[in-house]
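Heads up, coords-v7.cif below (mmCIF, N, CA and C atoms):
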data_target
#
loop_
_atom_site.label_atom_id
_atom_site.label_comp_id
_atom_site.auth_asym_id
_atom_site.auth_seq_id
_atom_site.Cartn_x
_atom_site.Cartn_y
_atom_site.Cartn_z
N MET N 587 -90.81 -29.45 86.88
CA MET N 587 -90.95 -29.34 88.31
C MET N 587 -90.31 -30.56 88.96
N ALA N 588 -89.55 -30.33 90.00
CA ALA N 588 -88.85 -31.41 90.69
C ALA N 588 -89.82 -32.23 91.53
N ASN N 589 -89.52 -33.51 91.65
CA ASN N 589 -90.33 -34.42 92.45
C ASN N 589 -89.53 -34.81 93.69
N TYR N 590 -90.01 -34.43 94.86
CA TYR N 590 -89.29 -34.66 96.11
C TYR N 590 -89.99 -35.70 96.97
N PRO N 591 -89.24 -36.39 97.82
CA PRO N 591 -89.87 -37.31 98.78
C PRO N 591 -90.73 -36.52 99.77
N ILE N 592 -91.66 -37.20 100.38
CA ILE N 592 -92.60 -36.57 101.31
C ILE N 592 -91.93 -36.37 102.66
N PRO N 593 -91.96 -35.16 103.22
CA PRO N 593 -91.43 -34.98 104.58
C PRO N 593 -92.33 -35.67 105.60
N LYS N 594 -91.75 -36.09 106.72
CA LYS N 594 -92.49 -36.88 107.71
C LYS N 594 -92.99 -36.11 108.91
N PHE N 595 -92.80 -34.81 108.94
CA PHE N 595 -93.11 -34.05 110.15
C PHE N 595 -94.54 -33.50 110.23
N HIS N 596 -95.32 -33.60 109.15
CA HIS N 596 -96.67 -33.02 109.13
C HIS N 596 -97.69 -34.15 109.04
N PHE N 597 -98.30 -34.49 110.19
CA PHE N 597 -99.23 -35.62 110.24
C PHE N 597 -100.31 -35.34 111.27
N GLN N 598 -101.36 -36.15 111.21
CA GLN N 598 -102.43 -36.05 112.21
C GLN N 598 -102.91 -37.45 112.57
N VAL N 599 -103.47 -37.57 113.77
CA VAL N 599 -104.00 -38.83 114.26
C VAL N 599 -105.45 -38.59 114.67
N GLU N 600 -106.33 -39.49 114.25
CA GLU N 600 -107.75 -39.39 114.61
C GLU N 600 -108.18 -40.68 115.30
N TRP N 601 -108.91 -40.53 116.41
CA TRP N 601 -109.55 -41.69 117.05
C TRP N 601 -110.78 -41.22 117.79
N GLY N 602 -111.74 -42.05 117.86
CA GLY N 602 -112.97 -41.72 118.59
C GLY N 602 -113.65 -40.47 118.08
N GLY N 603 -113.49 -40.15 116.80
CA GLY N 603 -114.15 -38.99 116.23
C GLY N 603 -113.44 -37.67 116.43
N SER N 604 -112.26 -37.68 117.05
CA SER N 604 -111.54 -36.42 117.25
C SER N 604 -110.09 -36.54 116.81
N LYS N 605 -109.50 -35.40 116.47
CA LYS N 605 -108.10 -35.34 116.08
C LYS N 605 -107.26 -35.09 117.33
N VAL N 606 -106.20 -35.87 117.48
CA VAL N 606 -105.33 -35.75 118.65
C VAL N 606 -103.92 -35.43 118.15
N SER N 607 -103.27 -34.45 118.75
CA SER N 607 -101.93 -34.04 118.32
C SER N 607 -100.87 -34.90 118.98
N PHE N 608 -99.89 -35.31 118.22
CA PHE N 608 -98.77 -36.11 118.71
C PHE N 608 -97.47 -35.57 118.14
N THR N 609 -96.38 -35.81 118.86
CA THR N 609 -95.06 -35.41 118.37
C THR N 609 -94.37 -36.53 117.63
N GLU N 610 -94.80 -37.78 117.88
CA GLU N 610 -94.12 -38.92 117.26
C GLU N 610 -95.07 -40.10 117.17
N VAL N 611 -94.99 -40.82 116.05
CA VAL N 611 -95.73 -42.07 115.86
C VAL N 611 -94.73 -43.09 115.34
N THR N 612 -94.64 -44.24 116.02
CA THR N 612 -93.74 -45.30 115.57
C THR N 612 -94.48 -46.64 115.57
N GLY N 613 -93.95 -47.59 114.80
CA GLY N 613 -94.50 -48.94 114.79
C GLY N 613 -95.50 -49.21 113.69
N LEU N 614 -95.46 -48.45 112.61
CA LEU N 614 -96.39 -48.67 111.51
C LEU N 614 -95.84 -49.76 110.59
N ASN N 615 -95.65 -50.94 111.16
CA ASN N 615 -95.02 -52.05 110.45
C ASN N 615 -96.01 -53.18 110.19
N VAL N 616 -95.90 -53.78 109.02
CA VAL N 616 -96.63 -55.00 108.70
C VAL N 616 -95.62 -56.03 108.21
N GLU N 617 -95.92 -57.29 108.46
CA GLU N 617 -94.98 -58.36 108.15
C GLU N 617 -95.79 -59.64 107.94
N ALA N 618 -95.28 -60.55 107.14
CA ALA N 618 -95.94 -61.84 106.94
C ALA N 618 -94.99 -62.95 107.33
N ASP N 619 -95.52 -63.94 108.05
CA ASP N 619 -94.74 -65.14 108.33
C ASP N 619 -94.47 -65.85 107.00
N VAL N 620 -93.39 -66.61 106.97
CA VAL N 620 -93.04 -67.37 105.79
C VAL N 620 -93.32 -68.85 106.06
N ILE N 621 -94.08 -69.46 105.17
CA ILE N 621 -94.37 -70.88 105.27
C ILE N 621 -93.48 -71.59 104.24
N GLU N 622 -92.72 -72.56 104.70
CA GLU N 622 -91.90 -73.36 103.79
C GLU N 622 -92.58 -74.71 103.59
N TYR N 623 -92.60 -75.17 102.34
CA TYR N 623 -93.30 -76.40 102.03
C TYR N 623 -92.57 -77.12 100.91
N ARG N 624 -92.55 -78.43 101.00
CA ARG N 624 -92.01 -79.24 99.91
C ARG N 624 -92.88 -80.46 99.75
N ASP N 625 -93.41 -80.61 98.57
CA ASP N 625 -94.19 -81.79 98.21
C ASP N 625 -93.23 -82.96 97.98
N GLY N 626 -93.57 -84.12 98.47
CA GLY N 626 -92.69 -85.29 98.33
C GLY N 626 -92.44 -85.69 96.89
N ALA N 627 -93.36 -85.37 95.99
CA ALA N 627 -93.19 -85.72 94.58
C ALA N 627 -92.62 -84.56 93.76
N SER N 628 -92.19 -83.50 94.41
CA SER N 628 -91.67 -82.34 93.69
C SER N 628 -90.34 -82.67 93.03
N PRO N 629 -90.16 -82.26 91.78
CA PRO N 629 -88.88 -82.50 91.11
C PRO N 629 -87.78 -81.56 91.61
N GLU N 630 -88.15 -80.52 92.30
CA GLU N 630 -87.18 -79.56 92.85
C GLU N 630 -86.61 -80.12 94.15
N PHE N 631 -85.34 -79.85 94.40
CA PHE N 631 -84.71 -80.31 95.63
C PHE N 631 -84.60 -79.18 96.65
N HIS N 632 -85.65 -78.41 96.77
CA HIS N 632 -85.71 -77.34 97.77
C HIS N 632 -87.17 -77.09 98.13
N LYS N 633 -87.34 -76.35 99.18
CA LYS N 633 -88.69 -76.00 99.62
C LYS N 633 -89.17 -74.77 98.86
N ILE N 634 -90.48 -74.65 98.72
CA ILE N 634 -91.03 -73.41 98.18
C ILE N 634 -91.46 -72.56 99.38
N LYS N 635 -91.52 -71.28 99.17
CA LYS N 635 -91.91 -70.36 100.24
C LYS N 635 -93.16 -69.62 99.82
N MET N 636 -94.08 -69.49 100.79
CA MET N 636 -95.32 -68.78 100.52
C MET N 636 -95.69 -67.95 101.74
N PRO N 637 -96.49 -66.91 101.53
CA PRO N 637 -96.86 -66.05 102.66
C PRO N 637 -97.81 -66.75 103.62
N GLY N 638 -97.59 -66.51 104.90
CA GLY N 638 -98.46 -67.05 105.95
C GLY N 638 -99.24 -65.95 106.62
N LEU N 639 -99.43 -66.09 107.92
CA LEU N 639 -100.20 -65.11 108.67
C LEU N 639 -99.48 -63.76 108.73
N GLN N 640 -100.26 -62.70 108.69
CA GLN N 640 -99.69 -61.36 108.82
C GLN N 640 -99.49 -61.02 110.28
N LYS N 641 -98.45 -60.22 110.55
CA LYS N 641 -98.18 -59.74 111.89
C LYS N 641 -98.10 -58.21 111.84
N PHE N 642 -98.57 -57.59 112.93
CA PHE N 642 -98.57 -56.14 113.01
C PHE N 642 -97.85 -55.72 114.28
N SER N 643 -96.96 -54.76 114.17
CA SER N 643 -96.24 -54.25 115.34
C SER N 643 -97.16 -53.38 116.18
N ASN N 644 -96.84 -53.27 117.46
CA ASN N 644 -97.54 -52.32 118.32
C ASN N 644 -97.19 -50.91 117.86
N ILE N 645 -98.13 -49.99 117.98
CA ILE N 645 -97.92 -48.61 117.56
C ILE N 645 -97.76 -47.75 118.81
N THR N 646 -96.71 -46.94 118.84
CA THR N 646 -96.46 -46.05 119.97
C THR N 646 -96.70 -44.61 119.53
N LEU N 647 -97.49 -43.90 120.32
CA LEU N 647 -97.81 -42.50 120.06
C LEU N 647 -97.29 -41.67 121.22
N LYS N 648 -96.58 -40.58 120.93
CA LYS N 648 -96.02 -39.72 121.97
C LYS N 648 -96.52 -38.29 121.78
N ARG N 649 -96.73 -37.63 122.92
CA ARG N 649 -97.18 -36.24 122.87
C ARG N 649 -96.82 -35.54 124.17
N GLY N 650 -96.89 -34.21 124.14
CA GLY N 650 -96.68 -33.43 125.34
C GLY N 650 -97.86 -33.57 126.28
N THR N 651 -97.58 -33.47 127.58
CA THR N 651 -98.62 -33.58 128.60
C THR N 651 -99.25 -32.22 128.86
N PHE N 652 -100.57 -32.16 128.88
CA PHE N 652 -101.29 -30.91 129.13
C PHE N 652 -102.11 -31.04 130.41
N GLN N 653 -102.18 -29.98 131.17
CA GLN N 653 -102.97 -29.97 132.39
C GLN N 653 -104.44 -30.20 132.06
N GLY N 654 -105.07 -31.13 132.77
CA GLY N 654 -106.48 -31.40 132.58
C GLY N 654 -106.80 -32.33 131.43
N ASP N 655 -105.81 -32.74 130.65
CA ASP N 655 -106.03 -33.64 129.52
C ASP N 655 -105.63 -35.05 129.96
N ASN N 656 -106.60 -35.88 130.24
CA ASN N 656 -106.28 -37.24 130.69
C ASN N 656 -106.93 -38.30 129.79
N ASP N 657 -106.95 -38.04 128.48
CA ASP N 657 -107.53 -38.99 127.53
C ASP N 657 -106.84 -40.35 127.59
N PHE N 658 -105.50 -40.34 127.72
CA PHE N 658 -104.77 -41.61 127.79
C PHE N 658 -105.26 -42.43 128.97
N GLN N 659 -105.37 -41.79 130.14
CA GLN N 659 -105.78 -42.50 131.35
C GLN N 659 -107.23 -42.99 131.25
N LYS N 660 -108.10 -42.19 130.66
CA LYS N 660 -109.49 -42.61 130.50
C LYS N 660 -109.58 -43.86 129.63
N TRP N 661 -108.83 -43.87 128.53
CA TRP N 661 -108.85 -45.04 127.65
C TRP N 661 -108.22 -46.22 128.36
N TRP N 662 -107.11 -45.99 129.07
CA TRP N 662 -106.44 -47.06 129.81
C TRP N 662 -107.39 -47.67 130.85
N ASN N 663 -108.21 -46.85 131.48
CA ASN N 663 -109.12 -47.35 132.51
C ASN N 663 -110.20 -48.27 131.95
N THR N 664 -110.37 -48.31 130.63
CA THR N 664 -111.33 -49.25 130.03
C THR N 664 -110.73 -50.64 129.84
N VAL N 665 -109.42 -50.77 130.06
CA VAL N 665 -108.75 -52.06 129.85
C VAL N 665 -109.09 -53.00 131.00
N ALA N 666 -109.86 -54.00 130.68
CA ALA N 666 -110.21 -55.06 131.62
C ALA N 666 -110.51 -56.29 130.76
N MET N 667 -110.47 -57.44 131.38
CA MET N 667 -110.64 -58.66 130.60
C MET N 667 -111.94 -58.63 129.81
N ASN N 668 -111.79 -58.70 128.48
CA ASN N 668 -112.90 -58.78 127.53
C ASN N 668 -113.85 -57.60 127.54
N THR N 669 -113.49 -56.49 128.16
CA THR N 669 -114.37 -55.32 128.13
C THR N 669 -113.64 -54.06 127.68
N VAL N 670 -112.46 -54.20 127.11
CA VAL N 670 -111.67 -53.04 126.69
C VAL N 670 -112.39 -52.28 125.58
N GLU N 671 -112.25 -50.96 125.60
CA GLU N 671 -112.80 -50.13 124.53
C GLU N 671 -111.84 -50.15 123.35
N ARG N 672 -112.28 -50.69 122.25
CA ARG N 672 -111.46 -50.75 121.03
C ARG N 672 -111.84 -49.58 120.13
N ARG N 673 -110.83 -49.01 119.50
CA ARG N 673 -111.07 -47.87 118.61
C ARG N 673 -110.33 -48.07 117.30
N ASP N 674 -110.92 -47.59 116.24
CA ASP N 674 -110.21 -47.50 114.98
C ASP N 674 -109.43 -46.19 115.00
N VAL N 675 -108.19 -46.25 114.54
CA VAL N 675 -107.30 -45.08 114.55
C VAL N 675 -106.88 -44.81 113.11
N VAL N 676 -106.89 -43.55 112.72
CA VAL N 676 -106.45 -43.16 111.37
C VAL N 676 -105.28 -42.20 111.52
N ILE N 677 -104.15 -42.57 110.91
CA ILE N 677 -102.94 -41.74 110.95
C ILE N 677 -102.69 -41.26 109.52
N SER N 678 -102.64 -39.96 109.33
CA SER N 678 -102.50 -39.40 107.99
C SER N 678 -101.24 -38.55 107.89
N LEU N 679 -100.43 -38.82 106.89
CA LEU N 679 -99.30 -37.96 106.55
C LEU N 679 -99.85 -36.89 105.61
N LEU N 680 -99.60 -35.62 105.93
CA LEU N 680 -100.22 -34.51 105.21
C LEU N 680 -99.22 -33.77 104.32
N ASN N 681 -99.73 -33.19 103.24
CA ASN N 681 -98.88 -32.35 102.40
C ASN N 681 -98.96 -30.90 102.89
N ASP N 682 -98.37 -29.98 102.13
CA ASP N 682 -98.34 -28.58 102.56
C ASP N 682 -99.71 -27.91 102.52
N LYS N 683 -100.69 -28.54 101.86
CA LYS N 683 -102.06 -28.02 101.84
C LYS N 683 -102.93 -28.72 102.89
N HIS N 684 -102.32 -29.52 103.75
CA HIS N 684 -102.99 -30.26 104.82
C HIS N 684 -103.90 -31.37 104.30
N ASP N 685 -103.63 -31.84 103.08
CA ASP N 685 -104.39 -32.95 102.52
C ASP N 685 -103.63 -34.25 102.78
N PRO N 686 -104.34 -35.36 103.05
CA PRO N 686 -103.66 -36.63 103.29
C PRO N 686 -102.94 -37.13 102.04
N VAL N 687 -101.69 -37.56 102.22
CA VAL N 687 -100.89 -38.12 101.14
C VAL N 687 -100.79 -39.63 101.31
N VAL N 688 -100.54 -40.07 102.54
CA VAL N 688 -100.53 -41.49 102.90
C VAL N 688 -101.39 -41.63 104.15
N VAL N 689 -102.24 -42.67 104.18
CA VAL N 689 -103.14 -42.88 105.31
C VAL N 689 -102.96 -44.31 105.82
N TRP N 690 -102.71 -44.42 107.13
CA TRP N 690 -102.63 -45.72 107.80
C TRP N 690 -103.91 -45.89 108.59
N LYS N 691 -104.66 -46.94 108.34
CA LYS N 691 -105.90 -47.22 109.08
C LYS N 691 -105.65 -48.40 110.00
N VAL N 692 -105.82 -48.15 111.28
CA VAL N 692 -105.55 -49.15 112.31
C VAL N 692 -106.89 -49.66 112.82
N LYS N 693 -107.03 -50.98 112.85
CA LYS N 693 -108.32 -51.60 113.17
C LYS N 693 -108.34 -52.14 114.60
N GLN N 694 -109.37 -51.79 115.34
CA GLN N 694 -109.65 -52.36 116.66
C GLN N 694 -108.48 -52.20 117.64
N ALA N 695 -107.95 -50.99 117.76
CA ALA N 695 -106.81 -50.73 118.64
C ALA N 695 -107.26 -50.55 120.08
N TRP N 696 -106.37 -50.92 121.00
CA TRP N 696 -106.57 -50.66 122.43
C TRP N 696 -105.22 -50.52 123.10
N PRO N 697 -105.15 -49.75 124.18
CA PRO N 697 -103.85 -49.50 124.81
C PRO N 697 -103.39 -50.67 125.68
N ASN N 698 -102.14 -51.05 125.50
CA ASN N 698 -101.58 -52.06 126.40
C ASN N 698 -100.49 -51.46 127.27
N LYS N 699 -100.19 -50.17 127.06
CA LYS N 699 -99.18 -49.51 127.89
C LYS N 699 -99.37 -48.00 127.80
N VAL N 700 -99.40 -47.36 128.95
CA VAL N 700 -99.42 -45.90 129.02
C VAL N 700 -98.24 -45.50 129.88
N GLN N 701 -97.45 -44.57 129.39
CA GLN N 701 -96.23 -44.21 130.11
C GLN N 701 -96.13 -42.69 130.23
N SER N 702 -95.94 -42.23 131.47
CA SER N 702 -95.65 -40.81 131.69
C SER N 702 -94.16 -40.59 131.52
N GLY N 703 -93.79 -39.37 131.17
CA GLY N 703 -92.39 -39.06 131.01
C GLY N 703 -91.65 -39.04 132.34
N ASP N 704 -90.34 -39.03 132.25
CA ASP N 704 -89.50 -38.96 133.44
C ASP N 704 -89.52 -37.56 134.01
N LEU N 705 -89.52 -37.48 135.32
CA LEU N 705 -89.45 -36.20 136.01
C LEU N 705 -88.00 -35.93 136.39
N LYS N 706 -87.55 -34.71 136.14
CA LYS N 706 -86.15 -34.38 136.38
C LYS N 706 -86.07 -32.92 136.80
N SER N 707 -85.52 -32.66 137.98
CA SER N 707 -85.55 -31.32 138.55
C SER N 707 -84.68 -30.31 137.80
N ASP N 708 -83.65 -30.76 137.10
CA ASP N 708 -82.77 -29.81 136.41
C ASP N 708 -82.98 -29.80 134.89
N ALA N 709 -84.09 -30.37 134.44
CA ALA N 709 -84.36 -30.43 133.00
C ALA N 709 -85.16 -29.20 132.55
N ASN N 710 -84.96 -28.84 131.31
CA ASN N 710 -85.69 -27.74 130.70
C ASN N 710 -86.42 -28.30 129.47
N GLU N 711 -87.31 -29.27 129.72
CA GLU N 711 -87.97 -29.98 128.64
C GLU N 711 -89.45 -30.10 128.92
N VAL N 712 -90.19 -30.40 127.89
CA VAL N 712 -91.62 -30.67 128.01
C VAL N 712 -91.79 -32.11 128.48
N LEU N 713 -92.78 -32.34 129.35
CA LEU N 713 -93.09 -33.69 129.81
C LEU N 713 -93.81 -34.43 128.69
N ILE N 714 -93.24 -35.54 128.24
CA ILE N 714 -93.80 -36.32 127.14
C ILE N 714 -94.44 -37.58 127.70
N GLU N 715 -95.68 -37.85 127.29
CA GLU N 715 -96.35 -39.09 127.66
C GLU N 715 -96.53 -39.93 126.40
N SER N 716 -96.64 -41.24 126.59
CA SER N 716 -96.79 -42.12 125.43
C SER N 716 -97.84 -43.17 125.71
N ILE N 717 -98.41 -43.66 124.63
CA ILE N 717 -99.39 -44.73 124.70
C ILE N 717 -99.00 -45.75 123.64
N GLU N 718 -99.02 -47.02 124.02
CA GLU N 718 -98.70 -48.10 123.08
C GLU N 718 -99.99 -48.84 122.78
N LEU N 719 -100.27 -49.01 121.49
CA LEU N 719 -101.52 -49.63 121.05
C LEU N 719 -101.25 -50.98 120.39
N VAL N 720 -102.04 -51.96 120.76
CA VAL N 720 -102.09 -53.22 120.01
C VAL N 720 -103.33 -53.14 119.13
N HIS N 721 -103.33 -53.89 118.04
CA HIS N 721 -104.44 -53.78 117.10
C HIS N 721 -104.59 -55.05 116.30
N GLU N 722 -105.63 -55.09 115.50
CA GLU N 722 -105.96 -56.29 114.72
C GLU N 722 -105.79 -56.09 113.22
N GLY N 723 -105.12 -55.05 112.82
CA GLY N 723 -104.89 -54.87 111.39
C GLY N 723 -104.48 -53.46 111.04
N LEU N 724 -103.68 -53.36 109.97
CA LEU N 724 -103.17 -52.07 109.52
C LEU N 724 -103.21 -52.09 108.00
N THR N 725 -103.90 -51.11 107.43
CA THR N 725 -103.90 -50.95 105.98
C THR N 725 -103.28 -49.61 105.63
N ILE N 726 -102.60 -49.57 104.50
CA ILE N 726 -101.92 -48.36 104.05
C ILE N 726 -102.52 -47.96 102.71
N GLN N 727 -102.92 -46.68 102.60
CA GLN N 727 -103.55 -46.19 101.38
C GLN N 727 -102.93 -44.87 100.98
N ASN N 728 -102.95 -44.61 99.68
CA ASN N 728 -102.61 -43.27 99.21
C ASN N 728 -103.77 -42.36 99.53
N GLY N 729 -103.48 -41.12 99.84
CA GLY N 729 -104.50 -40.20 100.31
C GLY N 729 -105.40 -39.61 99.26
N ASP N 730 -105.28 -39.97 98.03
CA ASP N 730 -106.10 -39.36 96.97
C ASP N 730 -107.55 -39.61 97.13
#
Would you write the structure of this file as structure tokens?
Amino acid sequence: MANYPIPKFHFQVEWGGSKVSFTEVTGLNVEADVIEYRDGASPEFHKIKMPGLQKFSNITLKRGTFQGDNDFQKWWNTVAMNTVERRDVVISLLNDKHDPVVVWKVKQAWPNKVQSGDLKSDANEVLIESIELVHEGLTIQNGD
């Protein structure tokens, strides 16, 4: 049996106890700062490199706009100094049986940007809205 890479089009997002449909998720990046160090008594004539603090990119979620669905705005309205509603978000890449294959767990996320799509009188497109989330951590797990 052939072994194929996982397609990226079948996924789900969960927050606040409910599943929310999206057309696109970007920003699932993790990175570590590099610390360079050289001990004065080191016999090597170069610095050593070691991992420093981790950095996480903002995550952008996009979806079609539905009449009467204002979840983005409700969450955005909680953004105020030190009183923002933080949520854990789970993003799962699914296989053909709808089982999670890869799971990204986002810790303590909150929206720092909500954007409505552009309005255009001669367009034949769905209105897409997006929400950008900042967070305090991202872990990646296999879905088994």
To verify the selection step, state as a ChimeraX atom specification which residues the PyMOL selection byres ((chain N and resi 649) around 7) yields on this input. /N:607-610,647-648,650-652,713-717
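Taking CA of Gln659 in chain N as the reference point, CA of Lys706 in chain N is found at 21.8 Å.
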What separation in Å, quoted to one decimal, exists between CA of Asp704 in chain N and atom N of Gly654 in chain N? 17.4 Å
Among chain N, which ones does DSSP assign to strand (DSSP E or B) (computed from the backbone)? Answer as a PyMOL selection string. chain N and resi 597-601+604-606+610-612+616-623+634-642+645-650+673-680+686-701+714-720+724-728
Selected by the PyMOL selection byres ((chain N and resi 662) around 8) in the shown coordinates: which residues, as a ChimeraX atom specification? /N:656-661,663-666,671,696-700
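Closest approach to Phe597 in chain N among N:Ser702, N:Ser707, N:Ser643, N:Asn681: N:Asn681, based on all atoms listed in the file.
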Residues matched by the PyMOL selection byres (((chain N and resi 674 and name CA) around 9) and name CA) as a list in words: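 Selected by the PyMOL selection byres (((chain N and resi 674 and name CA) around 9) and name CA) in this file: Glu600, Trp601, Gly602, Arg672, Arg673, Val675, Val676, Lys691, Val692, Lys693, Gln694, Ala695, Trp696 and His721 of chain N.
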What parts of chain N does DSSP call helix (DSSP H, G or I)? I'd like the answer as a list of chain:residue names. N:Asp657, N:Phe658, N:Gln659, N:Lys660, N:Trp661, N:Trp662
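The two atoms in question, CA of Glu630 in chain N and atom N of Glu617 in chain N, are spaced 28.6 Å apart.
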Just the residues within 7 Å of Leu680 in chain N, please, counting only N, CA and C atoms, with nothing from its chain fewer than 2 positions along; format it as a VMD selection string. chain N and resid 595 to 598 678 682 to 688
Measuring between all atoms listed in the file, which one of N:Val620, N:Val689, N:Ile634, N:Ala709 shows the shortest distance to Gln727 in chain N?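 Closest to Gln727 in chain N, using all atoms listed in the file: N:Val689.
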At a cut-off of 6 Å, using all atoms listed in the file, what residues contact range 635-642 of chain N? Leave out same-chain residues fewer than 4 positions from it and give the result as an MDAnalysis selection string. chainID N and resid 615:623
Between N:Ile645, N:Ile592, N:Ala627, N:Leu614, which one has atoms that come closest to Val720 in chain N, using only C-alpha atoms?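 Comparing N:Ile645, N:Ile592, N:Ala627, N:Leu614 against Val720 in chain N, the winner is N:Ile645.
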Padding 6 Å on each side, edges along x, y and z: where is the centre of the box around the listed atoms of range 665-677 of chain N, and how long are its edges in Å to one decimal? Output it as JSON.
{"center_x": -108.5, "center_y": -50.0, "center_z": 120.6, "size_x": 23.7, "size_y": 29.5, "size_z": 34.1}
Among listed residues N:Asn644, N:Pro629, N:Val599, N:Asn589, nearest Leu719 in chain N (using all atoms listed in the file): N:Asn644
